[in-house]
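Everything below belongs to coords21.txt, which stores compact mmCIF, C-alpha atoms and all ligand atoms.
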# COMPACT_ATOMS: atom_id res chain seq x y z
CA MET A 838 2.13 -5.08 17.34
CA GLU A 839 3.74 -3.38 14.35
CA ARG A 840 6.04 -0.45 13.68
CA THR A 841 6.26 1.82 10.67
CA LEU A 842 8.40 4.75 9.54
CA SER A 843 6.73 8.10 8.95
CA ILE A 844 8.41 11.09 7.31
CA ILE A 845 7.14 14.65 7.14
CA LYS A 846 8.92 15.52 3.91
CA PRO A 847 10.82 18.78 3.26
CA ASP A 848 7.74 20.40 1.65
CA GLY A 849 5.68 19.68 4.78
CA VAL A 850 8.34 21.13 7.09
CA LYS A 851 8.88 24.19 4.86
CA ARG A 852 5.14 24.88 4.72
CA GLY A 853 4.75 24.73 8.51
CA LEU A 854 2.73 21.50 8.55
CA ILE A 855 4.60 19.59 11.29
CA GLY A 856 1.96 20.43 13.89
CA GLU A 857 -0.95 19.64 11.58
CA VAL A 858 0.46 16.23 10.64
CA VAL A 859 1.33 15.29 14.23
CA ARG A 860 -2.17 16.38 15.32
CA MET A 861 -3.72 14.07 12.73
CA LEU A 862 -1.51 11.19 13.89
CA GLU A 863 -2.52 11.74 17.51
CA GLN A 864 -6.20 12.17 16.74
CA ASN A 865 -6.14 8.86 14.89
CA ASN A 866 -4.44 7.06 17.78
CA LEU A 867 -1.20 6.46 15.89
CA GLU A 868 1.35 6.32 18.69
CA ILE A 869 4.71 8.06 18.11
CA VAL A 870 7.54 6.11 19.78
CA ALA A 871 10.50 7.99 18.22
CA MET A 872 10.94 11.35 16.45
CA LYS A 873 13.73 13.59 15.13
CA MET A 874 14.51 16.26 12.55
CA LEU A 875 17.26 15.75 10.00
CA HIS A 876 18.44 17.07 6.65
CA MET A 877 19.33 14.17 4.36
CA THR A 878 22.25 14.40 1.99
CA LYS A 879 21.58 13.45 -1.64
CA GLN A 880 23.44 10.19 -0.99
CA GLN A 881 21.34 9.40 2.09
CA ALA A 882 18.13 10.08 0.13
CA GLU A 883 19.36 7.78 -2.66
CA GLY A 884 20.05 5.03 -0.12
CA PHE A 885 16.64 5.45 1.47
CA TYR A 886 14.81 5.28 -1.87
CA ALA A 887 17.17 2.68 -3.46
CA VAL A 888 14.16 0.52 -4.34
CA HIS A 889 13.03 3.29 -6.74
CA ARG A 890 16.42 3.83 -8.44
CA GLU A 891 15.19 2.68 -11.86
CA ARG A 892 12.15 4.95 -11.79
CA PRO A 893 12.13 8.06 -14.00
CA PHE A 894 11.44 10.26 -10.97
CA PHE A 895 14.41 8.97 -8.89
CA GLN A 896 16.74 11.96 -9.45
CA SER A 897 14.06 14.52 -8.85
CA LEU A 898 12.72 12.63 -5.79
CA THR A 899 16.13 12.39 -4.15
CA ASP A 900 16.90 16.05 -4.97
CA PHE A 901 13.63 16.98 -3.29
CA MET A 902 14.16 14.75 -0.25
CA SER A 903 17.62 16.26 0.30
CA SER A 904 16.44 19.84 -0.28
CA GLY A 905 15.67 20.66 3.37
CA PRO A 906 14.94 19.29 6.83
CA ALA A 907 12.44 16.49 7.33
CA ILE A 908 10.86 14.92 10.41
CA VAL A 909 11.29 11.17 10.79
CA MET A 910 9.12 9.24 13.23
CA VAL A 911 8.47 5.68 14.28
CA LEU A 912 4.79 4.83 14.82
CA GLN A 913 3.73 1.76 16.72
CA GLY A 914 0.49 -0.13 17.17
CA GLU A 915 -1.70 -2.90 15.91
CA ASN A 916 -1.90 -2.89 12.12
CA VAL A 917 -0.12 0.49 12.12
CA ILE A 918 1.39 0.13 8.62
CA ALA A 919 -2.04 -0.08 6.97
CA ARG A 920 -3.67 2.39 9.38
CA TYR A 921 -1.04 5.06 8.70
CA ARG A 922 -1.16 4.47 4.94
CA GLU A 923 -4.91 4.96 5.06
CA LEU A 924 -4.46 8.23 6.97
CA MET A 925 -1.82 9.45 4.48
CA GLY A 926 -4.08 8.91 1.45
CA ALA A 927 -3.03 7.93 -2.09
CA THR A 928 0.46 8.85 -3.34
CA ASN A 929 -1.26 10.93 -6.01
CA TYR A 930 -3.03 13.64 -3.99
CA LYS A 931 -5.71 13.87 -6.70
CA GLU A 932 -6.81 10.36 -5.75
CA ALA A 933 -6.54 10.86 -1.97
CA ALA A 934 -9.74 10.35 0.05
CA GLU A 935 -11.39 13.03 2.19
CA GLY A 936 -9.95 13.22 5.69
CA THR A 937 -6.45 12.09 4.64
CA ILE A 938 -3.23 14.05 5.11
CA ARG A 939 -2.52 14.26 1.38
CA LYS A 940 -6.08 15.31 0.55
CA ALA A 941 -5.77 18.09 3.09
CA PHE A 942 -2.26 19.31 2.24
CA ALA A 943 -0.57 17.79 -0.85
CA THR A 944 -0.45 19.70 -4.10
CA ASP A 945 2.03 17.58 -6.06
CA ILE A 946 2.57 13.84 -6.73
CA GLU A 947 6.22 14.07 -5.67
CA GLN A 948 6.06 16.75 -2.99
CA ASN A 949 3.29 14.92 -1.18
CA VAL A 950 3.99 15.99 2.45
CA VAL A 951 4.40 12.54 4.04
CA HIS A 952 5.92 9.12 3.54
CA GLY A 953 4.98 5.80 5.15
CA SER A 954 6.45 2.31 4.88
CA ASP A 955 4.40 -0.05 2.71
CA ALA A 956 5.13 -3.46 4.32
CA PRO A 957 6.75 -5.00 7.41
CA GLU A 958 10.07 -5.67 5.58
CA THR A 959 10.32 -2.12 4.24
CA ALA A 960 9.34 -0.75 7.66
CA ALA A 961 12.19 -2.69 9.30
CA PHE A 962 14.69 -1.37 6.72
CA GLU A 963 13.41 2.20 6.87
CA ILE A 964 13.28 2.40 10.67
CA SER A 965 16.83 1.05 11.00
CA TYR A 966 17.97 3.55 8.33
CA PHE A 967 17.28 6.44 10.71
CA PHE A 968 17.00 5.05 14.26
CA SER A 969 19.02 2.87 16.58
CA GLN A 970 17.20 0.57 19.05
CA LEU A 971 18.10 2.99 21.87
CA GLU A 972 16.20 5.85 20.23
CA ILE A 973 12.87 4.00 20.06
CA LEU A 974 10.68 3.90 23.17
P1 LIG B 1001 6.61 7.95 -1.14
O1 LIG B 1001 5.43 7.33 -0.49
O2 LIG B 1001 7.63 8.61 -0.30
O3 LIG B 1001 7.32 6.85 -2.07
C1 LIG B 1001 8.02 7.15 -3.23
C2 LIG B 1001 7.89 8.59 -3.62
O4 LIG B 1001 8.17 8.85 -4.96
C3 LIG B 1001 6.43 9.03 -3.46
O5 LIG B 1001 6.06 9.07 -2.13
C4 LIG B 1001 6.47 10.35 -4.19
O6 LIG B 1001 7.10 11.37 -3.43
C5 LIG B 1001 7.38 9.97 -5.34
N1 LIG B 1001 6.62 9.56 -6.52
C6 LIG B 1001 5.85 8.46 -6.68
N2 LIG B 1001 5.31 8.42 -7.89
C7 LIG B 1001 5.76 9.49 -8.54
C8 LIG B 1001 5.57 10.00 -9.84
N3 LIG B 1001 4.80 9.39 -10.73
N4 LIG B 1001 6.19 11.14 -10.15
C9 LIG B 1001 6.98 11.76 -9.26
N5 LIG B 1001 7.20 11.33 -8.00
C10 LIG B 1001 6.58 10.22 -7.65

Hey, can you dump this file as structure tokens for me?
Ligand code: CMP
Amino acid sequence: MERTLSIIKPDGVKRGLIGEVVRMLEQNNLEIVAMKMLHMTKQQAEGFYAVHRERPFFQSLTDFMSSGPAIVMVLQGENVIARYRELMGATNYKEAAEGTIRKAFATDIEQNVVHGSDAPETAAFEISYFFSQLEIL
């Protein structure tokens, strides 16, 4: 049994895609065990993406992630990290496979609608960044 963090990024919320993304999660049997809406400060976005702080896109990414409300969720299930990453599709929407969230909705490499943890250690960090134990079913 694994857990992963999912974010519907500010572009997805602004474009009215919350329902579409949640529908795709449910249709693919990705169980949601926690969910909330929040608007990250620039500092909170920088803390969340600290691993990318040396990347050239760090400033722009953290500006974007703090530009509006996002939905954060915890998904749980067997092999859920890999299963959710497969459903999201490649970071670069141009490389995303048919049937994935980014293929369906993303139009930009940075504003790519969703985020998902990439490994058990990052999932543990990312989940605890937004949720306390009490908030997860
Ligand atoms: P995410 O899966 O949230 O992880 C890091 C984010 O950085 C990524 O999605 C994109 O939003 C962004 N990102 C990754 N690569 C690039 C890039 N080459 N240019 C701009 N943004 C990027």

**Asked** Residues at most 8 Å from ligand LIG 1001 (chain B), using only C-alpha atoms and all ligand atoms? Could they come as a count of residues only?
**Response** 17

Report as JSON the centre and the edge lengths, in Å to one decimal, of the axis-aligned box holding every listed atom of region 959-967 of chain A, padded by 5 Å on each side.
{"center_x": 13.7, "center_y": 1.9, "center_z": 7.6, "size_x": 18.6, "size_y": 19.1, "size_z": 16.8}

Write out as a PDB file with C-alpha atoms, in the frame of the given file which residues come within 6 Å of region 910-917 of chain A when counting only C-alpha atoms, dropping same-chain ones fewer than 4 positions away.
ATOM      1  CA  MET A 838       2.130  -5.080  17.340  1.00  0.00           C
ATOM      2  CA  GLU A 839       3.740  -3.380  14.350  1.00  0.00           C
ATOM      3  CA  ARG A 840       6.040  -0.450  13.680  1.00  0.00           C
ATOM      4  CA  THR A 841       6.260   1.820  10.670  1.00  0.00           C
ATOM      5  CA  LEU A 842       8.400   4.750   9.540  1.00  0.00           C
ATOM      6  CA  SER A 843       6.730   8.100   8.950  1.00  0.00           C
ATOM      7  CA  GLU A 868       1.350   6.320  18.690  1.00  0.00           C
ATOM      8  CA  ILE A 869       4.710   8.060  18.110  1.00  0.00           C
ATOM      9  CA  VAL A 870       7.540   6.110  19.780  1.00  0.00           C
ATOM     10  CA  ALA A 871      10.500   7.990  18.220  1.00  0.00           C
ATOM     11  CA  MET A 872      10.940  11.350  16.450  1.00  0.00           C
ATOM     12  CA  TYR A 921      -1.040   5.060   8.700  1.00  0.00           C
TER      13      TYR A 921
END

**Message:** List the spatial neighbours of Gly905 (chain A) as a VMD selection string - criterion: any atom at most 10 Å away, only C-alpha atoms, same-chain residues fewer than 3 positions off excluded.
**Reply:** chain A and resid 846 to 848 850 to 851 875 to 878 900 to 902

**Item:** Pick from A:Ala956, A:Val888, A:Met874, A:Met861 nearest to Pro906 (chain A), counting all atoms listed in the file
**Value:** A:Met874

**Request:** One decimal, Å: what's the distance from CA of Gly849 (chain A) over to CA of Ala907 (chain A), could you say?
**Result:** 7.9 Å

**Message:** One number please: CA of Ser904 (chain A) to CA of Gln881 (chain A), in Å, one decimal.
**Reply:**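 Between CA of Ser904 (chain A) and CA of Gln881 (chain A) the gap is 11.8 Å.
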
**Proximity to Leu862 (chain A) - best of A:Lys879, A:Lys940, A:Arg922, A:Arg892, all atoms listed in the file** =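 So, comparing all the options, the nearest one is A:Arg922.
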
**Prompt:** Which residue out of A:Thr899, A:Pro957, A:Gly936, A:Ile855 has the minimum interatomic distance to Phe885 (chain A) when only C-alpha atoms are used?
**Reply:**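 So, comparing all the options, the nearest one is A:Thr899.
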
**Atom-to-atom span, CA of Glu891 (chain A) and CA of Glu932 (chain A), Å** =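 For CA of Glu891 (chain A) relative to CA of Glu932 (chain A), the distance reads 24.1 Å.
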
List the spatial neighbours of Ile908 (chain A) as an mmCIF file with C-alpha atoms, in the coordinates of the input - criterion: any atom at most 6 Å away, all atoms listed in the file, same-chain residues fewer than 6 positions off excluded.
data_model
loop_
_atom_site.group_PDB
_atom_site.id
_atom_site.type_symbol
_atom_site.label_atom_id
_atom_site.label_comp_id
_atom_site.auth_asym_id
_atom_site.auth_seq_id
_atom_site.Cartn_x
_atom_site.Cartn_y
_atom_site.Cartn_z
ATOM 1 C CA ILE A 844 8.410 11.090 7.310
ATOM 2 C CA ILE A 845 7.140 14.650 7.140
ATOM 3 C CA LYS A 873 13.730 13.590 15.130
ATOM 4 C CA MET A 874 14.510 16.260 12.550
#

**Item:** Of the listed residues A:Val858, A:Ile918, A:Ala943, A:Val909, that which approaches Thr959 (chain A) most closely, counting all atoms listed in the file
**Value:** A:Ile918

**Prompt:** Out of A:Leu924, A:Thr944, A:Gly884, A:Gln896, which residue has the shortest atom-to-atom distance to Val859 (chain A) when counting only C-alpha atoms?
**Reply:**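 Smallest distance to Val859 (chain A) is found for A:Leu924.
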
**Contact residues around Thr937 (chain A) with only C-alpha atoms at 7 Å, ignoring same-chain residues under 2 positions, as JSON, numbers by chain** = {"A": [924, 925, 926, 933, 934, 935, 939, 940, 941]}
